Each structure stands twice: as structure tokens, then as C-alpha cells.
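J.: upload.pdb is the file, holding PDB, C-alpha atoms (C1' of nucleotides):
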ATOM      1  CA  MET W1489     174.110 113.948  57.038
ATOM      2  CA  CYS W1490     172.936 113.337  53.511
ATOM      3  CA  PRO W1491     170.740 110.262  53.280
ATOM      4  CA  THR W1492     172.573 107.139  52.111
ATOM      5  CA  SER W1493     175.583 109.196  51.227
ATOM      6  CA  SER W1494     178.668 107.177  50.489
ATOM      7  CA  GLU W1495     180.936 110.178  50.647
ATOM      8  CA  MET W1496     183.109 111.058  53.592
ATOM      9  CA  SER W1497     185.619 113.497  54.979
ATOM     10  CA  ILE W1498     189.241 112.640  55.570
ATOM     11  CA  GLY W1499     188.490 112.212  59.269
ATOM     12  CA  ALA W1500     185.742 109.709  58.511
ATOM     13  CA  LEU W1501     187.989 107.837  56.083
ATOM     14  CA  SER W1502     190.667 107.710  58.725
ATOM     15  CA  ALA W1503     188.236 106.355  61.291
ATOM     16  CA  ALA W1504     186.851 103.829  58.816
ATOM     17  CA  THR W1505     190.220 102.415  57.820
ATOM     18  CA  GLY W1506     192.363 103.002  60.870
ATOM     19  CA  VAL W1507     194.844 104.935  58.754
ATOM     20  CA  ASN W1508     195.911 108.210  60.259
ATOM     21  CA  ILE W1509     194.971 111.437  58.528
ATOM     22  CA  GLU W1510     198.520 112.591  57.892
ATOM     23  CA  THR W1511     199.266 109.237  56.338
ATOM     24  CA  ILE W1512     196.272 109.533  54.015
ATOM     25  CA  ARG W1513     197.501 112.895  52.776
ATOM     26  CA  TYR W1514     200.968 111.404  52.420
ATOM     27  CA  TYR W1515     199.600 108.552  50.295
ATOM     28  CA  GLU W1516     197.862 111.093  48.114
ATOM     29  CA  ARG W1517     201.098 113.013  47.590
ATOM     30  CA  GLU W1518     202.855 109.755  46.733
ATOM     31  CA  GLY W1519     200.185 108.852  44.227
ATOM     32  CA  LEU W1520     198.972 105.780  46.125
ATOM     33  CA  LEU W1521     195.542 107.334  46.414
ATOM     34  CA  ARG W1522     194.013 109.437  43.681
ATOM     35  CA  GLN W1523     193.316 113.116  44.288
ATOM     36  CA  PRO W1524     189.850 113.207  45.809
ATOM     37  CA  ALA W1525     187.092 115.630  44.933
ATOM     38  CA  ARG W1526     186.928 118.766  47.036
ATOM     39  CA  THR W1527     184.171 120.766  48.648
ATOM     40  CA  ALA W1528     183.785 124.447  47.766
ATOM     41  CA  SER W1529     186.052 125.312  50.671
ATOM     42  CA  GLY W1530     188.742 122.859  49.628
ATOM     43  CA  ARG W1531     188.088 119.916  51.917
ATOM     44  CA  ARG W1532     188.701 116.407  50.581
ATOM     45  CA  VAL W1533     185.698 114.242  49.817
ATOM     46  CA  TYR W1534     186.203 110.499  49.568
ATOM     47  CA  THR W1535     184.096 107.683  48.129
ATOM     48  CA  VAL W1536     183.675 104.123  49.384
ATOM     49  CA  GLU W1537     185.928 103.094  46.536
ATOM     50  CA  ASP W1538     188.693 105.194  48.074
ATOM     51  CA  ALA W1539     188.020 103.544  51.411
ATOM     52  CA  ARG W1540     188.335 100.117  49.819
ATOM     53  CA  ARG W1541     191.633 100.986  48.208
ATOM     54  CA  LEU W1542     193.020 102.469  51.382
ATOM     55  CA  ALA W1543     191.978  99.396  53.364
ATOM     56  CA  PHE W1544     193.765  97.293  50.765
ATOM     57  CA  LEU W1545     196.913  99.359  51.127
ATOM     58  CA  ARG W1546     196.703  99.089  54.856
ATOM     59  CA  ARG W1547     196.530  95.310  54.720
ATOM     60  CA  CYS W1548     199.557  95.258  52.456
ATOM     61  CA  ARG W1549     201.474  97.359  54.943
ATOM     62  CA  GLU W1550     200.418  95.116  57.816
ATOM     63  CA  LEU W1551     201.957  92.237  55.903
ATOM     64  CA  GLY W1552     205.161  94.206  55.659
ATOM     65  CA  PHE W1553     205.025  95.026  51.952
ATOM     66  CA  SER W1554     206.800  98.206  50.944
ATOM     67  CA  LEU W1555     204.685 101.050  49.623
ATOM     68  CA  ALA W1556     206.121 100.286  46.191
ATOM     69  CA  ASP W1557     204.845  96.713  46.448
ATOM     70  CA  ALA W1558     201.549  97.918  47.867
ATOM     71  CA  ARG W1559     201.176 100.179  44.871
ATOM     72  CA  THR W1560     201.882  97.296  42.523
ATOM     73  CA  LEU W1561     199.451  94.985  44.279
ATOM     74  CA  ALA W1562     196.712  97.605  44.371
ATOM     75  CA  GLY W1563     197.252  98.155  40.668
ATOM     76  CA  LEU W1564     196.939  94.437  40.022
ATOM     77  CA  ALA W1565     193.815  94.254  42.167
ATOM     78  CA  GLU W1566     192.213  96.939  40.062
ATOM     79  CA  ALA W1567     193.410  95.655  36.707
ATOM     80  CA  ASP W1568     191.214  93.250  34.790
ATOM     81  CA  ALA W1569     194.024  91.253  33.295
ATOM     82  CA  ALA W1570     196.151  90.695  36.387
ATOM     83  CA  THR W1571     197.281  87.106  36.687
ATOM     84  CA  CYS W1572     198.032  84.953  39.706
ATOM     85  CA  ALA W1573     201.595  84.649  38.517
ATOM     86  CA  GLU W1574     202.154  88.401  38.682
ATOM     87  CA  VAL W1575     200.703  88.649  42.146
ATOM     88  CA  LYS W1576     202.516  85.616  43.437
ATOM     89  CA  ALA W1577     205.849  86.952  42.205
ATOM     90  CA  VAL W1578     205.505  89.973  44.477
ATOM     91  CA  VAL W1579     204.577  87.798  47.436
ATOM     92  CA  VAL W1580     207.403  85.326  46.853
ATOM     93  CA  LYS W1581     209.973  88.087  46.670
ATOM     94  CA  HIS W1582     208.714  89.666  49.861
ATOM     95  CA  LEU W1583     208.566  86.303  51.587
ATOM     96  CA  ALA W1584     212.212  85.685  50.743
ATOM     97  CA  ASP W1585     213.039  89.060  52.198
ATOM     98  CA  VAL W1586     211.104  88.324  55.378
ATOM     99  CA  ARG W1587     212.830  84.960  55.749
ATOM    100  CA  GLY W1588     216.200  86.638  55.323
ATOM    101  CA  LYS W1589     215.412  89.138  58.026
ATOM    102  CA  LEU W1590     214.108  86.369  60.241
ATOM    103  CA  ALA W1591     217.389  84.498  59.904
ATOM    104  CA  ASP W1592     219.329  87.672  60.741
ATOM    105  CA  LEU W1593     217.209  88.335  63.796
ATOM    106  CA  LYS W1594     217.573  84.784  65.003
ATOM    107  CA  ARG W1595     221.331  85.097  64.892
ATOM    108  CA  LEU W1596     221.102  88.350  66.806
ATOM    109  CA  GLU W1597     218.805  86.862  69.366
ATOM    110  CA  LYS W1598     221.220  84.003  69.939
ATOM    111  CA  ALA W1599     224.248  86.239  70.325
ATOM    112  CA  LEU W1600     222.456  88.650  72.635
ATOM    113  CA  THR W1601     221.039  85.860  74.744
ATOM    114  CA  ALA W1602     224.524  84.444  75.180
ATOM    115  CA  MET W1603     225.772  87.867  76.244
ATOM    116  CA  ASP W1604     222.898  88.293  78.614
ATOM    117  CA  ARG W1605     223.625  84.949  80.251
ATOM    118  CA  SER W1606     227.349  85.643  80.459
ATOM    119  CA  CYS W1607     226.845  88.718  82.583
ATOM    120  CA  PRO W1608     225.831  88.615  86.235
ATOM    121  CA  GLY W1609     224.493  92.181  86.148
ATOM    122  CA  SER W1610     226.266  92.917  89.377
ATOM    123  CA  ASP W1611     228.166  96.047  90.336
ATOM    124  CA  SER W1612     231.403  94.452  89.190
ATOM    125  CA  THR W1613     233.438  96.698  86.917
ATOM    126  CA  ASP W1614     234.729  93.834  84.779
ATOM    127  CA  CYS W1615     231.897  93.051  82.402
ATOM    128  CA  PRO W1616     232.022  90.021  80.098
ATOM    129  CA  ILE W1617     229.726  91.804  77.649
ATOM    130  CA  LEU W1618     232.130  94.693  77.239
ATOM    131  CA  ASP W1619     234.960  92.201  76.911
ATOM    132  CA  ALA W1620     233.119  90.464  74.091
ATOM    133  CA  LEU W1621     232.410  93.751  72.340
ATOM    134  CA  THR W1622     235.961  94.941  72.763
ATOM    135  CA  SER W1623     237.815  91.903  71.504
ATOM    136  CA  ALA W1624     236.168  90.830  68.312
ATOM    137  CA  ALA W1625     235.244  87.243  67.788
ATOM    138  CA  ASP W1626     234.371  87.898  64.165
TER     139      ASP W1626
ATOM    140  CA  MET E1250     256.273 105.549  56.166
ATOM    141  CA  CYS E1251     257.318 106.609  59.616
ATOM    142  CA  PRO E1252     258.828 103.752  61.557
ATOM    143  CA  THR E1253     256.398 102.036  63.926
ATOM    144  CA  SER E1254     253.820 104.714  63.255
ATOM    145  CA  SER E1255     250.448 103.951  64.721
ATOM    146  CA  GLU E1256     248.755 106.756  62.837
ATOM    147  CA  MET E1257     246.588 106.270  59.802
ATOM    148  CA  SER E1258     244.498 108.011  57.194
ATOM    149  CA  ILE E1259     240.742 107.686  56.990
ATOM    150  CA  GLY E1260     241.166 105.206  54.156
ATOM    151  CA  ALA E1261     243.434 103.024  56.256
ATOM    152  CA  LEU E1262     241.040 103.222  59.196
ATOM    153  CA  SER E1263     238.209 102.220  56.914
ATOM    154  CA  ALA E1264     240.199  99.258  55.595
ATOM    155  CA  ALA E1265     241.220  98.246  59.101
ATOM    156  CA  THR E1266     237.709  98.267  60.541
ATOM    157  CA  GLY E1267     235.529  97.510  57.565
ATOM    158  CA  VAL E1268     233.580 100.714  58.194
ATOM    159  CA  ASN E1269     233.060 102.796  55.116
ATOM    160  CA  ILE E1270     234.685 106.204  54.877
ATOM    161  CA  GLU E1271     231.468 108.168  54.620
ATOM    162  CA  THR E1272     230.203 106.386  57.707
ATOM    163  CA  ILE E1273     233.358 107.298  59.636
ATOM    164  CA  ARG E1274     232.846 110.959  58.815
ATOM    165  CA  TYR E1275     229.200 110.587  59.751
ATOM    166  CA  TYR E1276     230.138 109.130  63.143
ATOM    167  CA  GLU E1277     232.457 112.048  63.684
ATOM    168  CA  ARG E1278     229.678 114.528  62.930
ATOM    169  CA  GLU E1279     227.414 112.640  65.321
ATOM    170  CA  GLY E1280     230.024 112.726  68.056
ATOM    171  CA  LEU E1281     230.528 108.950  68.172
ATOM    172  CA  LEU E1282     234.170 109.420  67.262
ATOM    173  CA  ARG E1283     236.232 112.332  68.497
ATOM    174  CA  GLN E1284     237.566 114.903  66.046
ATOM    175  CA  PRO E1285     240.874 113.498  64.865
ATOM    176  CA  ALA E1286     244.090 115.446  64.402
ATOM    177  CA  ARG E1287     244.675 116.860  60.934
ATOM    178  CA  THR E1288     247.652 117.117  58.632
ATOM    179  CA  ALA E1289     248.756 120.538  57.395
ATOM    180  CA  SER E1290     246.498 120.117  54.388
ATOM    181  CA  GLY E1291     243.495 119.177  56.493
ATOM    182  CA  ARG E1292     243.429 115.404  56.177
ATOM    183  CA  ARG E1293     242.295 113.366  59.156
ATOM    184  CA  VAL E1294     244.885 111.412  61.121
ATOM    185  CA  TYR E1295     243.708 108.560  63.340
ATOM    186  CA  THR E1296     245.326 106.598  66.153
ATOM    187  CA  VAL E1297     245.010 102.935  67.045
ATOM    188  CA  GLU E1298     242.800 104.036  69.877
ATOM    189  CA  ASP E1299     240.372 105.477  67.328
ATOM    190  CA  ALA E1300     240.510 102.199  65.443
ATOM    191  CA  ARG E1301     239.667 100.290  68.606
ATOM    192  CA  ARG E1302     236.700 102.488  69.349
ATOM    193  CA  LEU E1303     235.399 102.279  65.797
ATOM    194  CA  ALA E1304     235.728  98.493  65.831
ATOM    195  CA  PHE E1305     233.740  98.484  69.065
ATOM    196  CA  LEU E1306     231.030 100.595  67.496
ATOM    197  CA  ARG E1307     230.934  98.337  64.501
ATOM    198  CA  ARG E1308     230.410  95.271  66.657
ATOM    199  CA  CYS E1309     227.571  97.014  68.438
ATOM    200  CA  ARG E1310     225.933  97.798  65.123
ATOM    201  CA  GLU E1311     226.361  94.201  63.944
ATOM    202  CA  LEU E1312     224.458  93.144  67.032
ATOM    203  CA  GLY E1313     221.670  95.495  66.045
ATOM    204  CA  PHE E1314     222.198  98.138  68.725
ATOM    205  CA  SER E1315     221.122 101.634  67.800
ATOM    206  CA  LEU E1316     223.803 104.277  67.503
ATOM    207  CA  ALA E1317     222.474 105.758  70.730
ATOM    208  CA  ASP E1318     223.036 102.428  72.487
ATOM    209  CA  ALA E1319     226.407 102.036  70.797
ATOM    210  CA  ARG E1320     227.392 105.430  72.141
ATOM    211  CA  THR E1321     226.286 104.425  75.626
ATOM    212  CA  LEU E1322     228.144 101.121  75.497
ATOM    213  CA  ALA E1323     231.305 102.694  74.136
ATOM    214  CA  GLY E1324     231.107 105.235  76.951
ATOM    215  CA  LEU E1325     230.774 102.460  79.510
ATOM    216  CA  ALA E1326     233.662 100.559  77.942
ATOM    217  CA  GLU E1327     235.888 103.576  78.362
ATOM    218  CA  ALA E1328     234.679 104.535  81.808
ATOM    219  CA  ASP E1329     236.460 103.133  84.806
ATOM    220  CA  ALA E1330     233.469 102.829  87.016
ATOM    221  CA  ALA E1331     231.078 101.141  84.605
ATOM    222  CA  THR E1332     229.255  98.242  86.216
ATOM    223  CA  CYS E1333     227.939  95.010  84.772
ATOM    224  CA  ALA E1334     224.465  96.080  85.757
ATOM    225  CA  GLU E1335     224.597  99.194  83.598
ATOM    226  CA  VAL E1336     225.848  97.258  80.610
ATOM    227  CA  LYS E1337     223.426  94.424  81.045
ATOM    228  CA  ALA E1338     220.488  96.815  81.217
ATOM    229  CA  VAL E1339     221.247  98.030  77.700
ATOM    230  CA  VAL E1340     221.553  94.487  76.407
ATOM    231  CA  VAL E1341     218.369  93.308  78.071
ATOM    232  CA  LYS E1342     216.374  96.154  76.625
ATOM    233  CA  HIS E1343     217.701  95.516  73.154
ATOM    234  CA  LEU E1344     217.122  91.804  73.487
ATOM    235  CA  ALA E1345     213.491  92.432  74.346
ATOM    236  CA  ASP E1346     213.201  94.596  71.264
ATOM    237  CA  VAL E1347     214.782  91.936  69.078
ATOM    238  CA  ARG E1348     212.433  89.295  70.466
ATOM    239  CA  GLY E1349     209.471  91.519  69.747
ATOM    240  CA  LYS E1350     210.544  92.023  66.169
ATOM    241  CA  LEU E1351     211.188  88.322  65.850
ATOM    242  CA  ALA E1352     207.645  87.571  66.939
ATOM    243  CA  ASP E1353     206.294  90.114  64.441
ATOM    244  CA  LEU E1354     208.316  88.640  61.622
ATOM    245  CA  LYS E1355     207.218  85.128  62.474
ATOM    246  CA  ARG E1356     203.606  86.176  62.186
ATOM    247  CA  LEU E1357     204.335  87.793  58.849
ATOM    248  CA  GLU E1358     206.170  84.747  57.612
ATOM    249  CA  LYS E1359     203.240  82.549  58.528
ATOM    250  CA  ALA E1360     200.679  84.760  56.828
ATOM    251  CA  LEU E1361     202.774  85.179  53.699
ATOM    252  CA  THR E1362     203.533  81.482  53.481
ATOM    253  CA  ALA E1363     199.817  80.726  53.653
ATOM    254  CA  MET E1364     199.191  83.223  50.860
ATOM    255  CA  ASP E1365     201.981  81.778  48.816
ATOM    256  CA  ARG E1366     200.546  78.281  49.158
ATOM    257  CA  SER E1367     197.015  79.425  48.390
ATOM    258  CA  CYS E1368     197.983  80.738  44.970
ATOM    259  CA  PRO E1369     198.775  78.524  42.007
ATOM    260  CA  GLY E1370     200.779  81.249  40.289
ATOM    261  CA  SER E1371     199.031  80.452  37.035
ATOM    262  CA  ASP E1372     197.723  82.883  34.443
ATOM    263  CA  SER E1373     194.305  82.776  36.050
ATOM    264  CA  THR E1374     192.859  86.221  36.663
ATOM    265  CA  ASP E1375     191.167  85.236  39.908
ATOM    266  CA  CYS E1376     193.877  85.337  42.507
ATOM    267  CA  PRO E1377     193.298  84.102  46.062
ATOM    268  CA  ILE E1378     196.011  86.446  47.316
ATOM    269  CA  LEU E1379     194.231  89.498  45.986
ATOM    270  CA  ASP E1380     190.984  88.146  47.414
ATOM    271  CA  ALA E1381     192.600  87.883  50.826
ATOM    272  CA  LEU E1382     194.016  91.394  50.598
ATOM    273  CA  THR E1383     190.725  92.811  49.377
ATOM    274  CA  SER E1384     188.400  91.335  51.962
ATOM    275  CA  ALA E1385     189.962  91.840  55.313
ATOM    276  CA  ALA E1386     190.264  89.026  57.757
ATOM    277  CA  ASP E1387     191.311  91.497  60.443
TER     278      ASP E1387
ATOM    279  C1'  DC D 453     177.640 134.492  67.906
ATOM    280  C1'  DT D 454     181.157 131.968  69.914
ATOM    281  C1'  DA D 455     183.908 128.150  71.166
ATOM    282  C1'  DG D 456     185.751 123.910  69.914
ATOM    283  C1'  DT D 457     186.747 120.713  66.392
ATOM    284  C1'  DT D 458     188.145 119.615  61.914
ATOM    285  C1'  DC D 459     190.470 120.691  58.050
ATOM    286  C1'  DC D 460     193.997 123.040  54.944
ATOM    287  C1'  DT D 461     199.099 123.780  53.129
ATOM    288  C1'  DG D 462     203.823 123.515  53.699
ATOM    289  C1'  DT D 463     207.886 122.319  56.081
ATOM    290  C1'  DA D 464     210.905 119.668  58.965
ATOM    291  C1'  DG D 465     212.151 115.781  61.739
ATOM    292  C1'  DT D 466     213.065 110.610  62.419
ATOM    293  C1'  DA D 467     217.494 106.443  61.739
ATOM    294  C1'  DA D 468     221.627 105.440  59.861
ATOM    295  C1'  DC D 469     223.661 105.901  56.525
ATOM    296  C1'  DT D 470     224.835 106.583  51.212
ATOM    297  C1'  DA D 471     225.819 109.227  47.172
ATOM    298  C1'  DC D 472     227.075 112.671  44.852
ATOM    299  C1'  DA D 473     229.287 117.490  43.206
ATOM    300  C1'  DG D 474     233.060 120.175  42.874
ATOM    301  C1'  DG D 475     237.419 120.903  44.287
ATOM    302  C1'  DA D 476     242.211 120.198  46.683
ATOM    303  C1'  DT D 477     246.151 117.300  47.577
ATOM    304  C1'  DC D 478     249.214 113.447  47.317
ATOM    305  C1'  DA D 479     252.310 109.666  45.413
ATOM    306  C1'  DA D 480     254.421 107.465  41.649
ATOM    307  C1'  DG D 481     256.263 107.187  37.170
ATOM    308  C1'  DC D 482     258.562 109.355  33.182
TER     309       DC D 482
ATOM    310  C1'  DG M1359     259.353 119.034  36.666
ATOM    311  C1'  DC M1360     255.091 117.331  35.262
ATOM    312  C1'  DT M1361     251.251 114.511  34.642
ATOM    313  C1'  DT M1362     247.974 111.105  36.034
ATOM    314  C1'  DG M1363     245.218 108.619  39.047
ATOM    315  C1'  DA M1364     244.062 107.812  43.753
ATOM    316  C1'  DT M1365     242.712 109.767  47.916
ATOM    317  C1'  DC M1366     240.893 113.218  50.505
ATOM    318  C1'  DC M1367     238.053 117.471  51.662
ATOM    319  C1'  DT M1368     233.302 120.037  52.530
ATOM    320  C1'  DG M1369     228.595 120.412  51.991
ATOM    321  C1'  DT M1370     224.244 118.943  50.480
ATOM    322  C1'  DA M1371     220.612 115.812  49.206
ATOM    323  C1'  DG M1372     218.460 111.302  48.885
ATOM    324  C1'  DT M1373     216.643 106.948  51.106
ATOM    325  C1'  DT M1374     211.673 104.762  53.897
ATOM    326  C1'  DA M1375     207.304 105.611  55.616
ATOM    327  C1'  DC M1376     205.607 108.205  58.011
ATOM    328  C1'  DT M1377     204.842 111.868  62.031
ATOM    329  C1'  DA M1378     204.663 116.414  63.954
ATOM    330  C1'  DC M1379     204.149 120.766  63.954
ATOM    331  C1'  DA M1380     202.931 125.995  62.593
ATOM    332  C1'  DG M1381     199.750 129.065  61.189
ATOM    333  C1'  DG M1382     195.515 129.766  59.417
ATOM    334  C1'  DA M1383     190.597 128.820  57.425
ATOM    335  C1'  DA M1384     186.096 126.723  57.866
ATOM    336  C1'  DC M1385     182.552 124.035  59.844
ATOM    337  C1'  DT M1386     179.247 122.708  63.804
ATOM    338  C1'  DA M1387     176.784 122.746  68.125
ATOM    339  C1'  DG M1388     174.888 125.323  71.702
TER     340       DG M1388
END
As C-alpha cells - that is how I would like this structure written.
T.:
Amino acid sequence: MCPTSSEMSIGALSAATGVNIETIRYYEREGLLRQPARTASGRRVYTVEDARRLAFLRRCRELGFSLADARTLAGLAEADAATCAEVKAVVVKHLADVRGKLADLKRLEKALTAMDRSCPGSDSTDCPILDALTSAAD
Amino acid sequence: MCPTSSEMSIGALSAATGVNIETIRYYEREGLLRQPARTASGRRVYTVEDARRLAFLRRCRELGFSLADARTLAGLAEADAATCAEVKAVVVKHLADVRGKLADLKRLEKALTAMDRSCPGSDSTDCPILDALTSAAD
DNA sequence: CTAGTTCCTGTAGTAACTACAGGATCAAGC
DNA sequence: GCTTGATCCTGTAGTTACTACAGGAACTAG
């Protein structure tokens, strides 16, 4: 190893950030990560700055942001003139989306729970679940 | 119109079930609907039985079942010897999945709400949301 | 020097549709 | 009979965010 080197291979970057190698290459293709320098033989060489950006993207994804949003947020994080308002707008929009999905899932959970409870799970061939699915209660 | 005809075009089937035409053709390709009869010129002709099955599939999808599960359930609904236990197993598995996703979304909602509240949304260029995304609290 | 690991590019698969393009056919009105 | 607009046909490609190879090159440790 080079002393105090801050450069790393794609494998090291993957290990450092927890992002899988194929995903890193995918992000590069999508323009979410810049094209890294290469060794003489063509291997990618990353800097700590790349690692920081990738960690940022990863956190965005963990919070459920789309890659498009992650790109926007990373851009704002690196811009000097990014304002709170711009950042918050992205979060608010995503939060509304999450709350919408939450409401949908809650309805599903309720309906499925009711179905589950309606059915004895026996070897009867007349199943209340199939009845419910067959005759719509829209 | 033929008197008391129970046959219909793909457009009529789509209108009757609320499933879009392209989706109907897709289900046919995927084997979720049988290949319908055709007119001399090649147009699809559906029966009420097809409409019933498609409505069943639609209800499954509304409840969040995968197409694979929908296929299984539709098969059970048409089989004579299908038992409650078989049906319930599919529902229970899906319900567990839904509950898992619900838990994930609740965590997201909490984290995003905290971010939302932490940020004034002003034109300040020091945003607590970006700070949180930049320095991981893993 | 050799074996095992890492890396490379490029392509295809996943889920469940949706959206065309480009063309044929049908139904209704004049 | 003819035109016009609606409906239908096939086949292909795009969507999201990866993941999984195949087939080959290069690096590293013993």
C-alpha cells in the first residue's frame, strides 16, 4: 500500500460504503458518480471525495429517495448556493409520496387481515377468501 | 348486435373490468388469460367467463398480490379440490410481506418527518437536512 | 510461476405494465 | 359506394434500480 494514500479500488470503495460493485458501475453509467481515474491497465481509482458522495447517495436511497432525487440532493450538497428551501422541497415531496404509500398499505393490511381472519385454513373446499375475490365488493 | 350475446371485444372487456387493453393483451401473453377465440379478421372475442376471471385477477392486484400469486389464486378458484388451507397460505405470506413493507415505510416516514421539521426551508445555505445526509448517523 | 482473486466490458434479466409505430378493419353517415 | 374516425392488430421498446452473468485480462501471494 502507498503510505497515507487516499485512493482506492472499486472493491475498497464498495467495502467502505456498503454499496455493491455492480451498483457503483451502474451509478457511473447513470452519471451519479463521475468517471474515476484509471490505472494503466484500466482499473478504476477512486478518491475519498468519491467515497463521500457515494455514501451520501446511499443514505438518500436508504431514505427511499429515487435516484433522480438523490442526484438532485447530491448536486445541492455540492453547490455553494443551495438553499434550505430547495432541499426541503425535495424532502416534502418525497414525504407526501411516502405518506400516500403508507395509507395505501394500511388499507391493504386491513383488507388482508380481514380475509385472513375470515378463513379457517381448513381442508374445506368452500373458501371465504375466494368468495370475496370472486364477487367484488368494490 | 346478436341477441343475448355474451361475447365481447377487447374494448368491451376492458370497459367491463376496468383493466386497460394493453394489460389484457399482456396477461394473455403471460398466460394469465387463455387465448380467446378470434373473428375472421383476427380480432379477439371474449366470453363472460373471461370477464369473470379478469375481474378476479384485478381484485387480486388491487390487494397487492403479485401476478404469480394472482395466477395461483385464480387457479385455486377454478379448481374443484382447492382447500381453504392452500388459499390462506398465499394470503398469509402476502400479509407478512405487506406488514414488513409497512414497518419499513413507517421508519422512513419518521426519519423524513424529523428532517422536514429540522429545516426552516429558508434561503439559508446551511441546511440541516444536507448535514444529516452528509454525516451518516448509521 | 501458478493459482486464486479482483477487475474489465457488455448484455440480459427482474415486475408489471405502458407507450408507441405502422398498419388493417370496422361502423356510421352522406 | 366512399370516406372518416374509432377500434383493433403485431411487435418492440421504455420504465426503476439494480443484479447476474459471460468471457476475458490483470494483479497478488506463495
J.: For region 455-472 of chain D, list every protein, DNA or RNA residue within 12 Å, evaluated using all atoms listed in the file, and leave out those in the same chain fewer than 6 positions away; present the list as an mmCIF file with C-alpha atoms (C1' of nucleotides), in the frame of the given file.
T.:
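Final output, selection.cif:
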data_model
loop_
_atom_site.group_PDB
_atom_site.id
_atom_site.type_symbol
_atom_site.label_atom_id
_atom_site.label_comp_id
_atom_site.auth_asym_id
_atom_site.auth_seq_id
_atom_site.Cartn_x
_atom_site.Cartn_y
_atom_site.Cartn_z
ATOM 1 C CA SER W 1497 185.619 113.497 54.979
ATOM 2 C CA ILE W 1498 189.241 112.640 55.570
ATOM 3 C CA GLY W 1499 188.490 112.212 59.269
ATOM 4 C CA ALA W 1500 185.742 109.709 58.511
ATOM 5 C CA ILE W 1509 194.971 111.437 58.528
ATOM 6 C CA GLU W 1510 198.520 112.591 57.892
ATOM 7 C CA ARG W 1513 197.501 112.895 52.776
ATOM 8 C CA ARG W 1526 186.928 118.766 47.036
ATOM 9 C CA THR W 1527 184.171 120.766 48.648
ATOM 10 C CA SER W 1529 186.052 125.312 50.671
ATOM 11 C CA GLY W 1530 188.742 122.859 49.628
ATOM 12 C CA ARG W 1531 188.088 119.916 51.917
ATOM 13 C CA ARG W 1532 188.701 116.407 50.581
ATOM 14 C CA VAL W 1533 185.698 114.242 49.817
ATOM 15 C CA VAL E 1268 233.580 100.714 58.194
ATOM 16 C CA ASN E 1269 233.060 102.796 55.116
ATOM 17 C CA ILE E 1270 234.685 106.204 54.877
ATOM 18 C CA GLU E 1271 231.468 108.168 54.620
ATOM 19 C CA THR E 1272 230.203 106.386 57.707
ATOM 20 C CA ILE E 1273 233.358 107.298 59.636
ATOM 21 C CA ARG E 1274 232.846 110.959 58.815
ATOM 22 C CA TYR E 1275 229.200 110.587 59.751
ATOM 23 C CA TYR E 1276 230.138 109.130 63.143
ATOM 24 C CA GLU E 1279 227.414 112.640 65.321
ATOM 25 C CA ARG E 1310 225.933 97.798 65.123
ATOM 26 C CA GLY E 1313 221.670 95.495 66.045
ATOM 27 C CA PHE E 1314 222.198 98.138 68.725
ATOM 28 C CA SER E 1315 221.122 101.634 67.800
ATOM 29 C CA LEU E 1316 223.803 104.277 67.503
ATOM 30 C CA ALA E 1317 222.474 105.758 70.730
ATOM 31 C "C1'" DG M 1369 228.595 120.412 51.991
ATOM 32 C "C1'" DT M 1370 224.244 118.943 50.480
ATOM 33 C "C1'" DA M 1371 220.612 115.812 49.206
ATOM 34 C "C1'" DG M 1372 218.460 111.302 48.885
ATOM 35 C "C1'" DT M 1373 216.643 106.948 51.106
ATOM 36 C "C1'" DT M 1374 211.673 104.762 53.897
ATOM 37 C "C1'" DA M 1375 207.304 105.611 55.616
ATOM 38 C "C1'" DC M 1376 205.607 108.205 58.011
ATOM 39 C "C1'" DT M 1377 204.842 111.868 62.031
ATOM 40 C "C1'" DA M 1378 204.663 116.414 63.954
ATOM 41 C "C1'" DC M 1379 204.149 120.766 63.954
ATOM 42 C "C1'" DA M 1380 202.931 125.995 62.593
ATOM 43 C "C1'" DG M 1381 199.750 129.065 61.189
ATOM 44 C "C1'" DG M 1382 195.515 129.766 59.417
ATOM 45 C "C1'" DA M 1383 190.597 128.820 57.425
ATOM 46 C "C1'" DA M 1384 186.096 126.723 57.866
ATOM 47 C "C1'" DC M 1385 182.552 124.035 59.844
ATOM 48 C "C1'" DT M 1386 179.247 122.708 63.804
ATOM 49 C "C1'" DA M 1387 176.784 122.746 68.125
ATOM 50 C "C1'" DG M 1388 174.888 125.323 71.702
#
J.: Can you tell me, as a list of chain:residue names, what residues are no more than 9 Å from Leu1379 (chain E) when counting all atoms listed in the file, ignoring any on the same chain fewer than 2 positions away?
T.: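 Near neighbours after the sequence-gap exclusion: W:Leu1561, W:Ala1562, W:Leu1564, W:Ala1565, W:Cys1572, W:Val1575, E:Asp1375, E:Cys1376, E:Pro1377, E:Ala1381, E:Leu1382, E:Thr1383, E:Ser1384.
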J.: I'd like the residues picked by the PyMOL selection byres ((chain E) within 6 of (chain W)) written out as a PyMOL selection string, using the chain letters and numbers from the file.
T.: chain E and resi 1305+1312+1331-1334+1337+1357+1370-1374+1376+1382-1383
J.: Limited to C-alpha atoms, could you put the picked residues into a file as a CSV table (one decimal), in the coordinates of the input?
T.:
chain,number,residue,atom,x,y,z
E,1305,PHE,CA,233.7,98.5,69.1
E,1312,LEU,CA,224.5,93.1,67.0
E,1331,ALA,CA,231.1,101.1,84.6
E,1332,THR,CA,229.3,98.2,86.2
E,1333,CYS,CA,227.9,95.0,84.8
E,1334,ALA,CA,224.5,96.1,85.8
E,1337,LYS,CA,223.4,94.4,81.0
E,1357,LEU,CA,204.3,87.8,58.8
E,1370,GLY,CA,200.8,81.2,40.3
E,1371,SER,CA,199.0,80.5,37.0
E,1372,ASP,CA,197.7,82.9,34.4
E,1373,SER,CA,194.3,82.8,36.0
E,1374,THR,CA,192.9,86.2,36.7
E,1376,CYS,CA,193.9,85.3,42.5
E,1382,LEU,CA,194.0,91.4,50.6
E,1383,THR,CA,190.7,92.8,49.4
J.: For a test of reading the model, state the distance in Å between CA of Pro1285 (chain E) and CA of Leu1303 (chain E), rounded to one decimal.
T.: 12.5 Å
J.: One decimal, Å: what's the distance from CA of Leu1282 (chain E) over to CA of Asp1318 (chain E), could you say?
T.: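 For CA of Leu1282 (chain E) relative to CA of Asp1318 (chain E), the distance reads 14.1 Å.
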J.: Tell me as a ChimeraX atom specification which residues belonging to chain M come within 8 Å of chain E, counting all atoms listed in the file.
T.: /M:1365-1367
J.: Evaluating the PyMOL selection byres ((chain M and resi 1359) around 12) on the displayed file yields which residues, as a ChimeraX atom specification?
T.: /D:482 /M:1360-1361
J.: Quick one, how far is CA of Val1536 (chain W) from CA of Met1496 (chain W)?
T.: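 A separation of 8.1 Å between them.
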J.: I need the residue nearest chain D from this list: E:Ala1289, E:Ala1265, E:Glu1298, E:Glu1256. Use all atoms listed in the file for the distance.
T.: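 Of E:Ala1289, E:Ala1265, E:Glu1298, E:Glu1256, the one nearest chain D is E:Ala1289, counting all atoms listed in the file.
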J.: Name the residues within 8 Å of (247.6, 111.1, 46.5), counting only C-alpha atoms (C1' of nucleotides) in the file's coordinates, and put them as a list of chain:residue names.
T.: D:DT477, D:DC478, D:DA479, M:DA1364, M:DT1365
